[in-house]
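Engineer: Enclosed is the structure file run.cif (mmCIF, C-alpha atoms and all ligand atoms).
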data_upload
#
loop_
_atom_site.label_atom_id
_atom_site.label_comp_id
_atom_site.auth_asym_id
_atom_site.auth_seq_id
_atom_site.Cartn_x
_atom_site.Cartn_y
_atom_site.Cartn_z
CA MET A 29 0.00 0.00 0.00
CA ALA A 30 1.15 3.55 -0.68
CA LYS A 31 2.72 5.31 2.29
CA TYR A 32 1.90 8.80 1.02
CA SER A 33 -1.57 10.11 0.25
CA ARG A 34 -2.30 11.56 -3.17
CA ILE A 35 -2.52 14.99 -1.56
CA GLU A 36 0.98 14.62 -0.11
CA VAL A 37 2.31 13.36 -3.44
CA ALA A 38 0.73 16.19 -5.45
CA GLN A 39 2.07 18.77 -2.99
CA THR A 40 5.57 17.28 -3.12
CA MET A 41 5.47 17.31 -6.93
CA LYS A 42 4.66 21.02 -6.80
CA ASP A 43 7.28 21.74 -4.13
CA ASN A 44 10.04 19.63 -5.69
CA GLY A 45 9.30 21.13 -9.11
CA MET A 46 10.69 18.08 -10.88
CA VAL A 47 10.31 14.33 -10.91
CA PRO A 48 13.51 12.45 -11.76
CA LEU A 49 12.84 9.23 -13.64
CA PHE A 50 14.90 6.26 -14.70
CA PHE A 51 14.98 2.52 -15.22
CA HIS A 52 17.74 0.04 -14.55
CA SER A 53 17.46 -3.70 -14.17
CA ASP A 54 20.15 -3.90 -11.48
CA ILE A 55 18.79 -3.51 -7.96
CA GLU A 56 21.99 -2.37 -6.27
CA LEU A 57 22.73 0.21 -8.95
CA SER A 58 19.14 1.45 -8.81
CA LYS A 59 19.43 1.93 -5.04
CA LYS A 60 22.54 4.05 -5.57
CA VAL A 61 20.74 6.19 -8.15
CA LEU A 62 17.86 6.67 -5.72
CA LYS A 63 20.20 7.58 -2.86
CA ALA A 64 22.15 10.01 -5.07
CA CYS A 65 18.92 11.84 -5.98
CA TYR A 66 17.85 11.85 -2.33
CA ASP A 67 21.22 13.28 -1.25
CA GLY A 68 20.81 15.96 -3.92
CA GLY A 69 17.55 17.00 -2.24
CA SER A 70 14.89 15.31 -4.37
CA ARG A 71 12.02 13.76 -2.44
CA LEU A 72 10.47 12.14 -5.50
CA MET A 73 11.54 9.44 -7.89
CA GLU A 74 9.69 7.74 -10.73
CA PHE A 75 11.00 4.28 -11.53
CA THR A 76 9.95 3.49 -15.08
CA SER A 77 8.59 0.01 -15.62
CA ARG A 78 10.65 -1.19 -18.54
CA GLY A 79 11.08 -4.85 -19.31
CA ASP A 80 10.38 -8.11 -17.53
CA PHE A 81 10.94 -8.25 -13.78
CA ALA A 82 10.98 -4.44 -13.47
CA HIS A 83 8.47 -4.93 -10.65
CA GLU A 84 11.04 -6.94 -8.69
CA VAL A 85 13.50 -4.06 -8.90
CA PHE A 86 10.79 -1.62 -7.86
CA GLY A 87 9.77 -3.78 -4.89
CA ALA A 88 13.36 -3.87 -3.61
CA LEU A 89 13.81 -0.16 -4.26
CA ASN A 90 10.67 0.80 -2.39
CA LYS A 91 11.63 -1.35 0.62
CA TYR A 92 14.99 0.40 0.63
CA ALA A 93 13.37 3.84 0.44
CA LEU A 94 10.98 3.01 3.29
CA ALA A 95 13.80 1.72 5.48
CA GLU A 96 16.58 4.17 4.70
CA LEU A 97 15.34 7.33 3.00
CA PRO A 98 12.75 9.13 5.14
CA GLY A 99 10.44 11.32 3.09
CA MET A 100 11.43 9.83 -0.27
CA ILE A 101 8.29 9.24 -2.36
CA LEU A 102 8.68 6.50 -4.93
CA GLY A 103 6.29 5.99 -7.83
CA VAL A 104 6.22 4.06 -11.08
CA GLY A 105 6.15 5.26 -14.69
CA SER A 106 5.67 3.65 -18.10
CA VAL A 107 2.58 1.86 -16.78
CA THR A 108 0.33 1.00 -19.72
CA ASP A 109 -2.49 -1.09 -18.28
CA ALA A 110 -4.62 -1.35 -15.14
CA ALA A 111 -3.25 -4.77 -14.15
CA SER A 112 0.29 -3.38 -14.04
CA ALA A 113 -0.91 -0.35 -12.08
CA SER A 114 -2.49 -2.73 -9.52
CA LEU A 115 0.67 -4.82 -9.32
CA TYR A 116 2.79 -1.75 -8.59
CA MET A 117 0.30 -0.42 -6.06
CA SER A 118 0.56 -3.78 -4.27
CA LEU A 119 4.30 -3.18 -4.11
CA GLY A 120 3.74 0.19 -2.50
CA ALA A 121 3.85 2.62 -5.44
CA ASN A 122 2.91 6.08 -4.19
CA PHE A 123 1.97 7.31 -7.66
CA ILE A 124 1.44 5.89 -11.13
CA VAL A 125 2.58 7.68 -14.29
CA THR A 126 1.40 6.47 -17.67
CA PRO A 127 2.40 7.44 -21.21
CA VAL A 128 -1.26 7.09 -22.28
CA PHE A 129 -4.57 8.11 -20.75
CA ARG A 130 -6.67 5.08 -19.91
CA GLU A 131 -9.83 5.22 -17.84
CA ASP A 132 -9.32 1.70 -16.44
CA ILE A 133 -5.99 2.81 -14.93
CA ALA A 134 -7.71 5.88 -13.46
CA ILE A 135 -10.38 3.69 -11.86
CA ALA A 136 -7.82 1.21 -10.47
CA CYS A 137 -5.76 4.04 -8.92
CA ASN A 138 -8.78 5.94 -7.60
CA ARG A 139 -9.99 2.75 -5.93
CA ARG A 140 -6.86 2.86 -3.75
CA LYS A 141 -6.59 6.66 -3.61
CA VAL A 142 -3.23 6.62 -5.37
CA LEU A 143 -2.23 9.63 -7.47
CA TRP A 144 -2.15 8.90 -11.21
CA SER A 145 -0.67 11.10 -13.90
CA PRO A 146 -1.69 10.16 -17.44
CA GLY A 147 0.11 11.18 -20.62
CA CYS A 148 -2.23 13.58 -22.43
CA GLY A 149 -1.80 15.39 -25.72
CA THR A 150 -5.04 17.36 -26.15
CA LEU A 151 -7.08 19.67 -23.97
CA THR A 152 -10.03 17.31 -24.36
CA GLU A 153 -7.97 14.44 -22.90
CA ILE A 154 -6.79 16.69 -20.08
CA ALA A 155 -10.36 17.75 -19.32
CA ARG A 156 -11.58 14.13 -19.22
CA ALA A 157 -8.68 13.13 -16.95
CA GLU A 158 -9.60 15.97 -14.59
CA GLU A 159 -13.24 14.87 -14.59
CA LEU A 160 -11.97 11.46 -13.41
CA GLY A 161 -10.09 13.12 -10.54
CA CYS A 162 -6.64 13.61 -12.02
CA GLU A 163 -4.57 16.15 -10.07
CA ILE A 164 -1.54 16.48 -12.36
CA VAL A 165 -1.54 15.45 -16.01
CA LYS A 166 1.62 14.57 -17.86
CA LEU A 167 2.22 16.28 -21.18
CA PHE A 168 3.96 13.64 -23.27
CA PRO A 169 6.10 13.76 -25.33
CA ALA A 170 6.55 17.33 -24.11
CA ASP A 171 9.10 18.49 -26.66
CA THR A 172 6.74 17.82 -29.55
CA TYR A 173 4.21 20.24 -27.99
CA GLY A 174 6.45 22.89 -26.43
CA PRO A 175 5.91 25.35 -23.56
CA GLU A 176 3.44 27.43 -25.63
CA PHE A 177 0.98 24.55 -25.43
CA ILE A 178 0.90 24.85 -21.63
CA LYS A 179 0.63 28.64 -21.75
CA ALA A 180 -2.36 28.39 -24.07
CA ILE A 181 -4.14 25.84 -21.87
CA LYS A 182 -3.62 27.80 -18.67
CA GLY A 183 -5.71 30.62 -20.19
CA PRO A 184 -9.09 28.87 -20.25
CA CYS A 185 -8.13 26.26 -17.61
CA PRO A 186 -5.91 27.97 -15.01
CA TRP A 187 -6.61 25.18 -12.49
CA THR A 188 -4.92 22.56 -14.67
CA ASN A 189 -1.65 21.12 -13.35
CA ILE A 190 0.72 19.92 -16.04
CA MET A 191 3.98 17.95 -15.82
CA PRO A 192 5.79 18.09 -19.18
CA THR A 193 7.93 14.99 -19.71
CA GLY A 194 10.05 13.84 -22.63
CA GLY A 195 12.80 16.07 -23.97
CA VAL A 196 12.99 18.40 -20.95
CA TYR A 197 16.57 19.41 -20.12
CA PRO A 198 18.11 20.17 -16.71
CA THR A 199 19.26 23.60 -17.90
CA VAL A 200 18.22 27.12 -16.90
CA GLU A 201 16.82 27.74 -20.40
CA SER A 202 14.73 24.57 -20.64
CA LEU A 203 13.47 24.65 -17.04
CA SER A 204 12.55 28.33 -17.14
CA SER A 205 10.74 27.96 -20.47
CA TRP A 206 8.50 25.21 -19.04
CA LEU A 207 7.98 26.59 -15.54
CA ASN A 208 7.38 30.14 -16.73
CA ALA A 209 4.81 28.81 -19.20
CA GLY A 210 2.89 27.44 -16.20
CA ALA A 211 4.12 23.86 -15.71
CA THR A 212 3.55 22.61 -12.15
CA CYS A 213 6.68 20.46 -12.31
CA VAL A 214 8.73 18.72 -14.99
CA GLY A 215 9.71 15.11 -15.57
CA LEU A 216 13.44 14.66 -16.10
CA GLY A 217 14.69 11.35 -17.45
CA SER A 218 17.65 10.67 -19.66
CA GLN A 219 18.92 14.26 -19.61
CA LEU A 220 19.29 14.13 -15.82
CA ILE A 221 20.09 10.49 -15.07
CA SER A 222 22.09 10.07 -18.24
CA LYS A 223 23.60 6.95 -19.77
CA ASP A 224 27.03 8.38 -18.92
CA ILE A 225 26.19 8.72 -15.25
CA LEU A 226 24.82 5.18 -15.14
CA GLU A 227 27.72 3.64 -17.06
CA ASN A 228 30.39 5.47 -15.06
CA LYS A 229 28.48 4.99 -11.79
CA ASP A 230 29.01 8.70 -11.18
CA PHE A 231 26.68 8.97 -8.20
CA ASP A 232 28.39 12.03 -6.72
CA GLY A 233 27.97 13.74 -10.08
CA LEU A 234 24.27 12.84 -10.05
CA THR A 235 23.82 14.25 -6.54
CA ALA A 236 25.46 17.50 -7.65
CA ARG A 237 23.25 17.66 -10.75
CA VAL A 238 20.03 17.08 -8.82
CA SER A 239 20.96 19.72 -6.27
CA GLN A 240 21.78 22.16 -9.09
CA VAL A 241 18.43 21.51 -10.81
CA LEU A 242 16.52 22.09 -7.56
CA ASP A 243 18.42 25.37 -7.07
CA ILE A 244 17.62 26.45 -10.63
CA ILE A 245 13.93 25.73 -10.03
CA LYS A 246 13.95 27.69 -6.76
CA ASN A 247 15.53 30.66 -8.54
CA ILE A 248 13.03 30.56 -11.39
CA ARG A 249 10.15 30.59 -8.89
CA LYS A 250 11.50 33.52 -6.85
O1 LIG B 301 7.91 6.13 -19.18
C1 LIG B 301 6.96 6.85 -19.41
O2 LIG B 301 5.87 6.80 -18.80
C2 LIG B 301 7.12 7.84 -20.48
O3 LIG B 301 6.19 8.49 -20.80
C3 LIG B 301 8.41 8.05 -21.10
C4 LIG B 301 9.38 8.90 -20.29
O4 LIG B 301 8.68 9.65 -19.36
C5 LIG B 301 10.14 9.81 -21.19
O5 LIG B 301 10.59 9.08 -22.28
C6 LIG B 301 11.33 10.46 -20.54
O6 LIG B 301 11.92 11.30 -21.47
P1 LIG B 301 13.35 11.98 -21.28
O7 LIG B 301 13.30 12.85 -20.05
O8 LIG B 301 13.55 12.78 -22.52
O9 LIG B 301 14.31 10.85 -21.14
#
Let me see the structure of the file written as structure tokens.
Ligand SMILES: O=C(O)C(=O)C[C@H](O)[C@H](O)COP(=O)(O)O

Structural biologist:
Amino acid sequence: MAKYSRIEVAQTMKDNGMVPLFFHSDIELSKKVLKACYDGGSRLMEFTSRGDFAHEVFGALNKYALAELPGMILGVGSVTDAASASLYMSLGANFIVTPVFREDIAIACNRRKVLWSPGCGTLTEIARAEELGCEIVKLFPADTYGPEFIKAIKGPCPWTNIMPTGGVYPTVESLSSWLNAGATCVGLGSQLISKDILENKDFDGLTARVSQVLDIIKNIRK
């Protein structure tokens, strides 16, 4: 069962300003990535469900977070069906992120009061997700839409919370373009937890990067 309520998760997404996300099949390496992000100040992590046995890695990672990293909120991304969402919620996922918007996933998550963030690409999809109780929608793949898309939506629907993901960079330019357009937070995957960092096991470098990104976000919001 989730440790954190959907209200706590949504608030932390807003406060943190970014959700780091990654997948790796190695449990020990994944723990080090999680710890590096925690040490850098992030209190959120999305483990993307890629490949067979990803749930085993997530289960181990979540146990580690619960035992060793107070306040770290772990969720799962790349969830594409309700059965997978239920599996991950049984393993303690605190939020479910999906590349697509599916009502059966929404129902499964609502049943357990777990925050779900569906990938949406039109205002009609966003509106339907909100009608089903969605707090923060994911704009995916964000770089094909651009910050102007968010700015335009916030006009008629200022209550809408959007998390652009896919092609967002951990730079001042990229982060300020999205946050100033009205994004609630951003998803940062391969540009933050890069292949290089994973291959070189550069966990100190990752901690420094995460801390820098959080500082950039704080400065943008001043
Ligand atoms: O897994 C999901 O649910 C997805 O929707 C895909 C990922 O969120 C993006 O592919 C991350 O993109 P990058 O930050 O450019 O690496």

Engineer: CA of Pro175 in chain A and CA of Val196 in chain A, how far apart in Å?

Structural biologist: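 Pair CA of Val196 in chain A / CA of Pro175 in chain A returns 10.3 Å.
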
Engineer: Go ahead and compute the interatomic distance for CA of Leu102 in chain A and CA of Asn189 in chain A, in Å to one decimal.

Structural biologist: 19.8 Å

Engineer: Please write out the residues within 8 Å of ligand LIG 301 (chain B) as number ranges by chain, counting all atoms listed in the file.

Structural biologist: A: 49-50, 76-78, 105-107, 125-128, 147, 168-169, 193-197, 215-220

Engineer: How would the residues just picked look written out with C-alpha atoms as a compact mmCIF listing (two decimals), in the coordinates of the input?

Structural biologist:
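See out.txt below for the written result:
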# COMPACT_ATOMS: atom_id res chain seq x y z
CA LEU A 49 12.84 9.23 -13.64
CA PHE A 50 14.90 6.26 -14.70
CA THR A 76 9.95 3.49 -15.08
CA SER A 77 8.59 0.01 -15.62
CA ARG A 78 10.65 -1.19 -18.54
CA GLY A 105 6.15 5.26 -14.69
CA SER A 106 5.67 3.65 -18.10
CA VAL A 107 2.58 1.86 -16.78
CA VAL A 125 2.58 7.68 -14.29
CA THR A 126 1.40 6.47 -17.67
CA PRO A 127 2.40 7.44 -21.21
CA VAL A 128 -1.26 7.09 -22.28
CA GLY A 147 0.11 11.18 -20.62
CA PHE A 168 3.96 13.64 -23.27
CA PRO A 169 6.10 13.76 -25.33
CA THR A 193 7.93 14.99 -19.71
CA GLY A 194 10.05 13.84 -22.63
CA GLY A 195 12.80 16.07 -23.97
CA VAL A 196 12.99 18.40 -20.95
CA TYR A 197 16.57 19.41 -20.12
CA GLY A 215 9.71 15.11 -15.57
CA LEU A 216 13.44 14.66 -16.10
CA GLY A 217 14.69 11.35 -17.45
CA SER A 218 17.65 10.67 -19.66
CA GLN A 219 18.92 14.26 -19.61
CA LEU A 220 19.29 14.13 -15.82

Engineer: Gly210 in chain A: which residues within 9 Å, counting all atoms listed in the file, same-chain residues fewer than 3 positions away excluded, as an mmCIF file with C-alpha atoms, keeping the file's coordinate frame?

Structural biologist:
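Okay, around.cif is ready:
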data_model
loop_
_atom_site.group_PDB
_atom_site.id
_atom_site.type_symbol
_atom_site.label_atom_id
_atom_site.label_comp_id
_atom_site.auth_asym_id
_atom_site.auth_seq_id
_atom_site.Cartn_x
_atom_site.Cartn_y
_atom_site.Cartn_z
ATOM 1 C CA PRO A 175 5.910 25.350 -23.560
ATOM 2 C CA ILE A 178 0.900 24.850 -21.630
ATOM 3 C CA LYS A 179 0.630 28.640 -21.750
ATOM 4 C CA LYS A 182 -3.620 27.800 -18.670
ATOM 5 C CA PRO A 186 -5.910 27.970 -15.010
ATOM 6 C CA ASN A 189 -1.650 21.120 -13.350
ATOM 7 C CA ILE A 190 0.720 19.920 -16.040
ATOM 8 C CA SER A 205 10.740 27.960 -20.470
ATOM 9 C CA TRP A 206 8.500 25.210 -19.040
ATOM 10 C CA LEU A 207 7.980 26.590 -15.540
ATOM 11 C CA CYS A 213 6.680 20.460 -12.310
#

Engineer: Measuring atom to atom with only C-alpha atoms, identify which of A:Leu160, A:Val142, A:Ala64, A:Ala82 is nearest to Arg130 in chain A.

Structural biologist: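 Once distances to Arg130 in chain A are computed over only C-alpha atoms, the minimum belongs to A:Leu160.
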